[in-house]
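Okay, work-v4.cif is below, mmCIF, C-alpha atoms and all ligand atoms:
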data_target
loop_
_atom_site.label_atom_id
_atom_site.label_comp_id
_atom_site.auth_asym_id
_atom_site.auth_seq_id
_atom_site.Cartn_x
_atom_site.Cartn_y
_atom_site.Cartn_z
CA MET A 1 20.47 -7.98 -25.94
CA ILE A 2 16.76 -7.10 -26.24
CA CYS A 3 16.07 -3.61 -24.93
CA LYS A 4 12.74 -2.41 -23.67
CA ILE A 5 11.83 1.12 -24.76
CA ARG A 6 10.17 3.75 -22.61
CA LEU A 7 9.20 7.12 -24.06
CA SER A 8 9.46 9.94 -21.57
CA GLU A 9 9.52 13.73 -21.51
CA ALA A 10 13.29 13.45 -20.99
CA GLY A 11 13.84 11.38 -24.16
CA VAL A 12 13.89 7.74 -25.27
CA HIS A 13 14.87 5.37 -22.46
CA LEU A 14 16.35 1.96 -23.36
CA PHE A 15 16.50 -0.71 -20.64
CA ASP A 16 17.83 -4.26 -20.50
CA ARG A 17 16.56 -6.16 -17.45
CA VAL A 18 19.23 -8.87 -17.62
CA SER A 19 22.29 -6.59 -17.45
CA GLY A 20 20.47 -3.68 -15.74
CA LEU A 21 21.77 -1.35 -18.47
CA ASN A 22 19.90 1.95 -18.86
CA VAL A 23 20.51 4.34 -21.79
CA LEU A 24 18.66 7.66 -22.07
CA LEU A 25 18.67 9.22 -25.54
CA ASP A 26 17.95 12.71 -24.27
CA GLU A 27 18.56 14.33 -27.63
CA VAL A 28 15.35 12.72 -28.94
CA GLU A 29 12.23 14.80 -28.32
CA VAL A 30 9.17 12.67 -27.61
CA PRO A 31 5.79 14.17 -28.63
CA ALA A 32 3.51 14.58 -25.58
CA GLU A 33 0.89 12.17 -26.93
CA GLN A 34 3.52 9.40 -27.21
CA VAL A 35 4.90 9.67 -23.67
CA SER A 36 4.51 6.33 -21.84
CA ARG A 37 1.46 6.34 -19.55
CA ALA A 38 2.81 4.00 -16.90
CA PRO A 39 5.17 5.03 -14.10
CA ARG A 40 8.77 3.94 -14.71
CA TYR A 41 8.73 1.65 -11.67
CA LEU A 42 5.99 0.05 -9.59
CA SER A 43 6.37 -1.32 -6.07
CA VAL A 44 3.78 -3.79 -4.78
CA ALA A 45 3.14 -4.82 -1.17
CA LEU A 46 2.01 -8.41 -1.75
CA THR A 47 1.03 -9.00 1.85
CA ASN A 48 1.09 -7.22 5.19
CA ALA A 49 2.22 -10.44 6.87
CA CYS A 50 5.69 -10.60 8.43
CA GLU A 51 6.91 -12.66 11.38
CA LEU A 52 9.46 -10.03 12.45
CA ARG A 53 8.51 -7.15 14.73
CA CYS A 54 10.84 -4.25 13.89
CA SER A 55 9.81 -1.22 15.97
CA TYR A 56 10.20 1.15 13.00
CA CYS A 57 8.15 -0.98 10.57
CA TYR A 58 5.77 1.10 8.46
CA ALA A 59 3.79 -1.84 6.98
CA PRO A 60 0.12 -1.79 8.08
CA LYS A 61 -0.67 -4.41 10.72
CA HIS A 62 -4.12 -5.52 9.50
CA ALA A 63 -4.21 -8.74 7.48
CA ALA A 64 -4.23 -8.17 3.72
CA THR A 65 -2.89 -10.12 0.74
CA LEU A 66 -3.05 -9.53 -3.00
CA ASP A 67 -4.38 -12.09 -5.45
CA ILE A 68 -1.57 -12.98 -7.86
CA ASP A 69 -3.80 -13.22 -10.91
CA ARG A 70 -4.67 -9.55 -10.42
CA VAL A 71 -1.02 -8.61 -9.89
CA VAL A 72 -0.01 -10.42 -13.10
CA ALA A 73 -2.80 -8.64 -15.03
CA TRP A 74 -1.63 -5.24 -13.68
CA ALA A 75 1.97 -6.06 -14.61
CA VAL A 76 1.02 -7.02 -18.18
CA GLU A 77 -1.00 -3.82 -18.58
CA LEU A 78 1.79 -1.61 -17.22
CA ASP A 79 4.43 -3.42 -19.28
CA GLY A 80 2.56 -2.49 -22.44
CA ALA A 81 2.44 1.15 -21.28
CA GLY A 82 6.18 1.57 -20.74
CA CYS A 83 6.80 0.46 -17.12
CA LEU A 84 10.34 -0.87 -16.75
CA GLY A 85 10.27 -2.74 -13.46
CA VAL A 86 8.16 -4.14 -10.65
CA GLY A 87 9.42 -4.61 -7.09
CA PHE A 88 7.63 -6.91 -4.66
CA GLY A 89 7.66 -6.15 -0.94
CA GLY A 90 5.29 -6.21 1.99
CA GLY A 91 5.31 -7.07 4.85
CA GLU A 92 7.46 -9.95 3.74
CA PRO A 93 6.81 -10.94 0.11
CA THR A 94 8.19 -14.47 0.51
CA ALA A 95 5.40 -15.06 3.06
CA HIS A 96 2.95 -14.94 0.14
CA ARG A 97 2.24 -18.59 -0.61
CA ARG A 98 2.36 -18.10 -4.42
CA PHE A 99 5.34 -15.74 -4.48
CA ALA A 100 7.62 -17.84 -6.72
CA GLN A 101 4.78 -18.51 -9.16
CA LEU A 102 4.07 -14.79 -9.36
CA CYS A 103 7.70 -13.93 -10.19
CA THR A 104 7.81 -16.64 -12.85
CA GLN A 105 4.62 -15.43 -14.51
CA VAL A 106 5.61 -11.74 -14.52
CA ALA A 107 9.05 -12.59 -15.93
CA GLU A 108 7.51 -14.75 -18.65
CA LEU A 109 4.63 -12.47 -19.64
CA THR A 110 6.40 -9.09 -19.51
CA SER A 111 9.76 -7.58 -20.37
CA MET A 112 9.95 -5.76 -17.02
CA ALA A 113 12.64 -6.33 -14.43
CA VAL A 114 11.32 -8.38 -11.49
CA THR A 115 12.80 -7.42 -8.12
CA PHE A 116 11.90 -7.99 -4.49
CA THR A 117 12.92 -6.91 -1.00
CA THR A 118 13.17 -9.51 1.76
CA HIS A 119 14.37 -9.95 5.34
CA GLY A 120 15.83 -13.25 4.07
CA HIS A 121 14.76 -15.54 6.90
CA ARG A 122 12.24 -17.53 4.84
CA LEU A 123 14.65 -18.22 1.99
CA THR A 124 15.41 -21.89 1.39
CA PRO A 125 17.47 -23.57 -1.35
CA ARG A 126 14.16 -24.77 -2.82
CA LEU A 127 12.70 -21.25 -2.99
CA ALA A 128 15.98 -19.95 -4.42
CA ASP A 129 15.81 -22.61 -7.16
CA ALA A 130 12.23 -21.60 -7.96
CA LEU A 131 13.16 -17.90 -8.24
CA ARG A 132 16.39 -18.28 -10.22
CA GLY A 133 15.88 -17.04 -13.78
CA SER A 134 12.70 -15.11 -12.92
CA VAL A 135 14.21 -12.41 -10.68
CA HIS A 136 16.58 -9.74 -11.96
CA PHE A 137 17.61 -8.04 -8.70
CA ALA A 138 16.93 -8.77 -5.02
CA ARG A 139 17.25 -6.53 -1.98
CA LEU A 140 18.13 -7.87 1.47
CA SER A 141 17.14 -5.78 4.50
CA VAL A 142 20.02 -5.59 6.99
CA ASP A 143 19.63 -3.00 9.74
CA GLY A 144 22.92 -2.88 11.63
CA VAL A 145 25.53 -5.58 12.00
CA GLY A 146 26.17 -8.22 14.69
CA ALA A 147 24.52 -7.49 18.03
CA THR A 148 22.66 -4.42 16.69
CA TYR A 149 21.03 -6.50 13.95
CA GLU A 150 20.12 -9.21 16.46
CA ARG A 151 18.58 -6.68 18.86
CA LEU A 152 16.53 -4.94 16.15
CA ARG A 153 15.47 -8.01 14.18
CA ARG A 154 15.59 -10.68 16.89
CA ARG A 155 17.24 -13.11 14.50
CA PRO A 156 20.87 -14.39 14.42
CA PHE A 157 23.20 -12.25 12.31
CA ALA A 158 24.73 -15.48 10.99
CA ALA A 159 21.34 -16.31 9.47
CA VAL A 160 21.26 -13.11 7.40
CA ILE A 161 24.82 -13.77 6.18
CA SER A 162 23.62 -17.19 4.94
CA ALA A 163 20.56 -15.54 3.38
CA ALA A 164 22.81 -13.09 1.51
CA THR A 165 24.84 -15.95 0.04
CA LEU A 166 21.73 -17.83 -1.04
CA LEU A 167 20.11 -14.71 -2.48
CA ARG A 168 23.30 -13.89 -4.38
CA SER A 169 22.94 -17.28 -6.10
CA VAL A 170 19.52 -16.13 -7.41
CA ALA A 171 20.33 -12.67 -8.81
CA PRO A 172 22.49 -9.58 -8.27
CA ILE A 173 21.70 -8.18 -4.82
CA GLY A 174 21.60 -4.93 -2.91
CA ILE A 175 21.55 -4.31 0.84
CA ASN A 176 18.80 -2.09 2.30
CA THR A 177 19.45 -0.37 5.61
CA VAL A 178 17.05 1.70 7.69
CA VAL A 179 19.14 4.56 9.08
CA ASN A 180 18.24 5.64 12.62
CA ALA A 181 19.88 6.17 16.02
CA ASP A 182 20.70 2.44 16.23
CA THR A 183 22.37 2.09 12.82
CA ILE A 184 23.91 5.52 12.08
CA GLY A 185 27.18 4.53 13.78
CA GLU A 186 27.48 1.29 11.77
CA LEU A 187 27.38 2.57 8.20
CA ASP A 188 31.06 1.76 7.57
CA ASP A 189 30.47 -1.80 8.84
CA LEU A 190 27.33 -2.12 6.71
CA ALA A 191 29.16 -0.96 3.59
CA GLU A 192 31.90 -3.50 4.33
CA PHE A 193 29.28 -6.21 4.88
CA ALA A 194 27.62 -5.32 1.57
CA ALA A 195 30.93 -5.59 -0.29
CA GLU A 196 31.84 -8.87 1.42
CA VAL A 197 28.59 -10.60 0.45
CA GLY A 198 28.91 -9.44 -3.16
CA ALA A 199 26.18 -6.79 -3.14
CA SER A 200 26.35 -4.12 -5.82
CA GLU A 201 24.50 -1.43 -3.89
CA LEU A 202 23.84 -0.17 -0.36
CA LEU A 203 20.46 1.57 -0.24
CA LEU A 204 20.12 3.92 2.74
CA LEU A 205 16.57 4.42 4.01
CA PRO A 206 16.35 7.26 6.56
CA GLU A 207 13.77 6.04 9.11
CA GLN A 208 10.33 7.44 8.36
CA PRO A 209 7.91 8.55 11.08
CA THR A 210 5.15 6.07 11.93
CA ALA A 211 2.52 5.95 14.68
CA ALA A 212 5.14 4.18 16.82
CA THR A 213 8.37 6.05 15.94
CA PRO A 214 9.32 9.68 15.25
CA GLY A 215 11.65 8.86 12.32
CA ILE A 216 15.32 9.79 11.97
CA SER A 217 16.37 12.73 14.15
CA ASP A 218 17.75 15.94 12.61
CA ALA A 219 21.15 15.22 14.20
CA ASP A 220 21.32 11.70 12.73
CA ALA A 221 20.14 12.99 9.35
CA GLU A 222 23.08 15.44 9.42
CA ARG A 223 25.47 12.59 10.32
CA LEU A 224 24.08 10.57 7.43
CA VAL A 225 24.61 13.38 4.93
CA LEU A 226 28.18 13.87 6.17
CA TRP A 227 28.87 10.13 5.95
CA ILE A 228 27.53 9.93 2.37
CA ARG A 229 29.70 12.89 1.35
CA THR A 230 32.89 11.43 2.78
CA ALA A 231 32.51 7.62 2.64
CA ARG A 232 34.76 5.58 0.39
CA THR A 233 32.90 2.32 -0.11
CA GLY A 234 33.33 -0.73 -2.31
CA VAL A 235 29.65 -0.63 -3.29
CA ARG A 236 27.45 1.96 -4.98
CA LEU A 237 25.43 4.08 -2.54
CA ALA A 238 21.78 4.99 -3.03
CA VAL A 239 19.38 6.91 -0.80
CA SER A 240 15.58 6.76 -0.75
CA ARG A 241 13.47 9.81 -1.60
CA SER A 242 13.15 11.26 1.87
CA GLY A 243 14.13 14.88 1.39
CA LEU A 244 17.78 14.13 2.21
CA GLU A 245 18.68 13.27 -1.38
CA ALA A 246 18.73 17.00 -2.13
CA SER A 247 21.57 17.44 0.40
CA VAL A 248 23.92 14.85 -1.08
CA PRO A 249 25.65 14.64 -4.46
CA ALA A 250 23.09 12.17 -5.88
CA ALA A 251 22.87 11.53 -9.61
CA GLU A 252 19.53 12.46 -11.15
CA ALA A 253 18.70 9.38 -13.25
CA ILE A 254 16.05 11.03 -15.43
CA PRO A 255 16.40 14.83 -15.48
CA GLY A 256 13.18 16.63 -14.62
CA GLU A 257 11.20 13.43 -14.01
CA GLN A 258 8.03 13.99 -11.97
CA PRO A 259 7.64 11.73 -8.87
CA LEU A 260 4.47 10.06 -10.27
CA ASP A 261 6.25 9.34 -13.56
CA ALA A 262 9.13 7.74 -11.66
CA HIS A 263 7.26 5.51 -9.22
CA MET A 264 3.89 4.40 -7.83
CA HIS A 265 3.02 1.87 -5.13
CA ILE A 266 0.22 -0.65 -4.69
CA ASP A 267 -0.56 -1.64 -1.11
CA ALA A 268 -1.82 -5.06 -0.02
CA THR A 269 -5.46 -3.89 -0.22
CA SER A 270 -5.19 -2.95 -3.95
CA VAL A 271 -4.92 0.80 -3.39
CA LEU A 272 -2.57 2.66 -5.75
CA ARG A 273 -0.52 5.28 -3.86
CA PRO A 274 2.23 7.77 -4.82
CA HIS A 275 4.61 5.85 -2.53
CA ALA A 276 4.54 3.37 0.34
CA TYR A 277 4.32 6.05 3.05
CA ALA A 278 1.51 8.04 1.37
CA SER A 279 -1.80 8.35 3.20
CA VAL A 280 -3.82 9.03 0.03
CA GLY A 281 -4.50 6.65 -2.82
CA THR A 282 -6.87 5.37 -5.50
CA PRO A 283 -8.52 1.93 -5.24
CA ILE A 284 -7.83 -0.16 -8.36
CA GLU A 285 -11.22 -1.31 -9.62
CA GLY A 286 -10.46 -2.60 -13.13
CA SER A 287 -7.73 -1.21 -15.40
CA ILE A 288 -4.62 -0.15 -13.52
CA LEU A 289 -3.94 2.51 -16.14
CA ASP A 290 -7.29 4.10 -15.24
CA ALA A 291 -6.14 4.14 -11.59
CA VAL A 292 -2.78 5.64 -12.64
CA GLN A 293 -4.61 8.42 -14.44
CA ALA A 294 -6.99 8.99 -11.50
CA LEU A 295 -4.08 9.19 -9.05
CA ARG A 296 -2.27 11.73 -11.24
CA GLU A 297 -5.42 13.88 -11.42
CA ALA A 298 -6.01 13.66 -7.64
CA THR A 299 -2.49 14.65 -6.54
S1 LIG B 301 11.18 -7.18 8.37
FE1 LIG B 301 10.31 -5.42 7.28
S2 LIG B 301 8.10 -5.89 7.08
FE2 LIG B 301 8.94 -7.26 8.67
S3 LIG B 301 8.56 -6.17 10.62
FE3 LIG B 301 10.66 -5.64 9.94
S4 LIG B 301 10.41 -3.73 8.77
FE4 LIG B 301 8.35 -4.67 8.95
#
What do you get writing this file as structure tokens?
Amino acid sequence: MICKIRLSEAGVHLFDRVSGLNVLLDEVEVPAEQVSRAPRYLSVALTNACELRCSYCYAPKHAATLDIDRVVAWAVELDGAGCLGVGFGGGEPTAHRRFAQLCTQVAELTSMAVTFTTHGHRLTPRLADALRGSVHFARLSVDGVGATYERLRRRPFAAVISAATLLRSVAPIGINTVVNADTIGELDDLAEFAAEVGASELLLLPEQPTAATPGISDADAERLVLWIRTARTGVRLAVSRSGLEASVPAAEAIPGEQPLDAHMHIDATSVLRPHAYASVGTPIEGSILDAVQALREAT
């Protein structure tokens, strides 16, 4: 096993992208000048394009797509500065015409974990073959089961079951679920679905407010917290940083880690942001590490 090393204020972090193993040597004190400059994880919206029309979608609706040569250059720079993983999303990342090539290049040129989040409906055996070996974890978005899924996503539920099977042949998978009034009553079914398709994690994403939707209601947020506290599931549960994580018994992966050390996001117009929902950001002109520094100073 070849471990990547990240030096953080919490200690020395060892990571193996193949097994997903993380070890934090928190008894080792890292001098401030040696702390890794990159965030631990970077998410990248490759394109705003997506053929689905989910009412709660937060992806911008103007056309924008990233050039993969720039994305590869950013990944190489961040890899050398201690970043452990990059996650491609959108929009729908598989709608990017050079998506498979991008994953292959980042996997070959860096020691970071390559992950992506997809609705699954563009996956084909050919694309799965092209991604196998270059992707270390994949996330499938499944909002509700059966008729609820079909109403929200306007695609057959059977198609997402097939997508889960195909994706599972590429890499370990997780299921992502937006939690709102439509899906809050189906969390048991979603956890069962996740276990049945061989997922290792169910990531709960409380719906965020957008121009079109108010976000998860206080009552549904309370139901979600109660469900997390009492659920007995066959898969690991995770919850996005939405404020609710403080109300549930969530493990703190890196004690004391600052949000901008944990994660940053690049949108499809090359703006570096604290996270995908953030309204502020720093355009990436040349070096991404310069943009990382500028974002830290601005926020
Ligand atoms: S699948 Fe995702 S990116 Fe596409 S419309 Fe739905 S929420 Fe937006």
Residues at most 9 Å from region 119-123 of chain A, counting all atoms listed in the file, excluding those fewer than 5 positions away in the same chain, as a ChimeraX atom specification?
-> /A:52,92,94-95,128,139-142,155,159-160,162-164,166-167
Compile a residue-level contact table for chain A against ligand LIG 301 (chain B) at a cut-off of 10 Å, reporting for every qualifying residue the shortest atom pair and its distance in Å to one decimal, with only C-alpha atoms and all ligand atoms counted, rows ordered by chain and ascending number, as CSV.
residue,atom,partner,partner_atom,distance
A:Ala45,CA,B:LIG301,S2,9.7
A:Thr47,CA,B:LIG301,S2,9.3
A:Asn48,CA,B:LIG301,S2,7.4
A:Ala49,CA,B:LIG301,S2,7.4
A:Cys50,CA,B:LIG301,FE2,4.7
A:Glu51,CA,B:LIG301,FE2,6.4
A:Leu52,CA,B:LIG301,S3,4.4
A:Arg53,CA,B:LIG301,S3,4.2
A:Cys54,CA,B:LIG301,FE3,4.2
A:Ser55,CA,B:LIG301,S3,7.4
A:Tyr56,CA,B:LIG301,S4,6.5
A:Cys57,CA,B:LIG301,S4,4.0
A:Tyr58,CA,B:LIG301,FE4,6.3
A:Ala59,CA,B:LIG301,FE4,5.7
A:Pro60,CA,B:LIG301,FE4,8.8
A:Lys61,CA,B:LIG301,FE4,9.2
A:Gly89,CA,B:LIG301,S2,8.0
A:Gly90,CA,B:LIG301,S2,5.8
A:Gly91,CA,B:LIG301,S2,3.8
A:Glu92,CA,B:LIG301,S2,5.3
A:Pro93,CA,B:LIG301,S2,8.7
A:Thr117,CA,B:LIG301,FE1,8.8
A:Thr118,CA,B:LIG301,S1,7.3
A:His119,CA,B:LIG301,S1,5.2
A:Gly120,CA,B:LIG301,S1,8.8
A:His121,CA,B:LIG301,S1,9.2
A:Leu140,CA,B:LIG301,S1,9.8
A:Ser141,CA,B:LIG301,S1,7.2
A:Val142,CA,B:LIG301,S1,9.1
A:Asp143,CA,B:LIG301,S4,9.3
A:Leu152,CA,B:LIG301,FE3,8.6
A:Arg153,CA,B:LIG301,FE3,6.8
A:Arg154,CA,B:LIG301,FE3,9.9
A:Val178,CA,B:LIG301,S4,8.6
Quote the spacing between CA of Val239 (chain A) and CA of Ala219 (chain A) in Å to one decimal place.
->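 Straight-line distance from CA of Val239 (chain A) to CA of Ala219 (chain A) works out to 17.2 Å.
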Please measure the separation of CA of Ser43 (chain A) and CA of Glu186 (chain A), giving the value in Å to one decimal.
->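 The value is 27.8 Å.
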Gap from CA of Leu289 (chain A) to CA of Cys3 (chain A) - Å, one decimal |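 Going from CA of Leu289 (chain A) over to CA of Cys3 (chain A) covers 22.7 Å.
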Write out as a PyMOL selection string each polymer residue whose atoms come within 12 Å of Ile184 (chain A), counting only C-alpha atoms; drop sequence neighbours fewer than 3 positions from it.
-> chain A and resi 143-145+148+177-181+187-191+204-207+216-217+219-228
For each of A:Gln293, A:Gln208, A:Thr124, A:Gln34, take the minimum atom-to-atom distance to Met264 (chain A), counting only C-alpha atoms, then give the residue where this is smallest.
->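 Smallest separation from Met264 (chain A) among the options: A:Gln293.
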Please, which residues are within 7 Å of (28.3, -14.5, 12.7) by the file's coordinates, counting only C-alpha atoms, and could they come as a ChimeraX atom specification?
-> /A:146,157-158
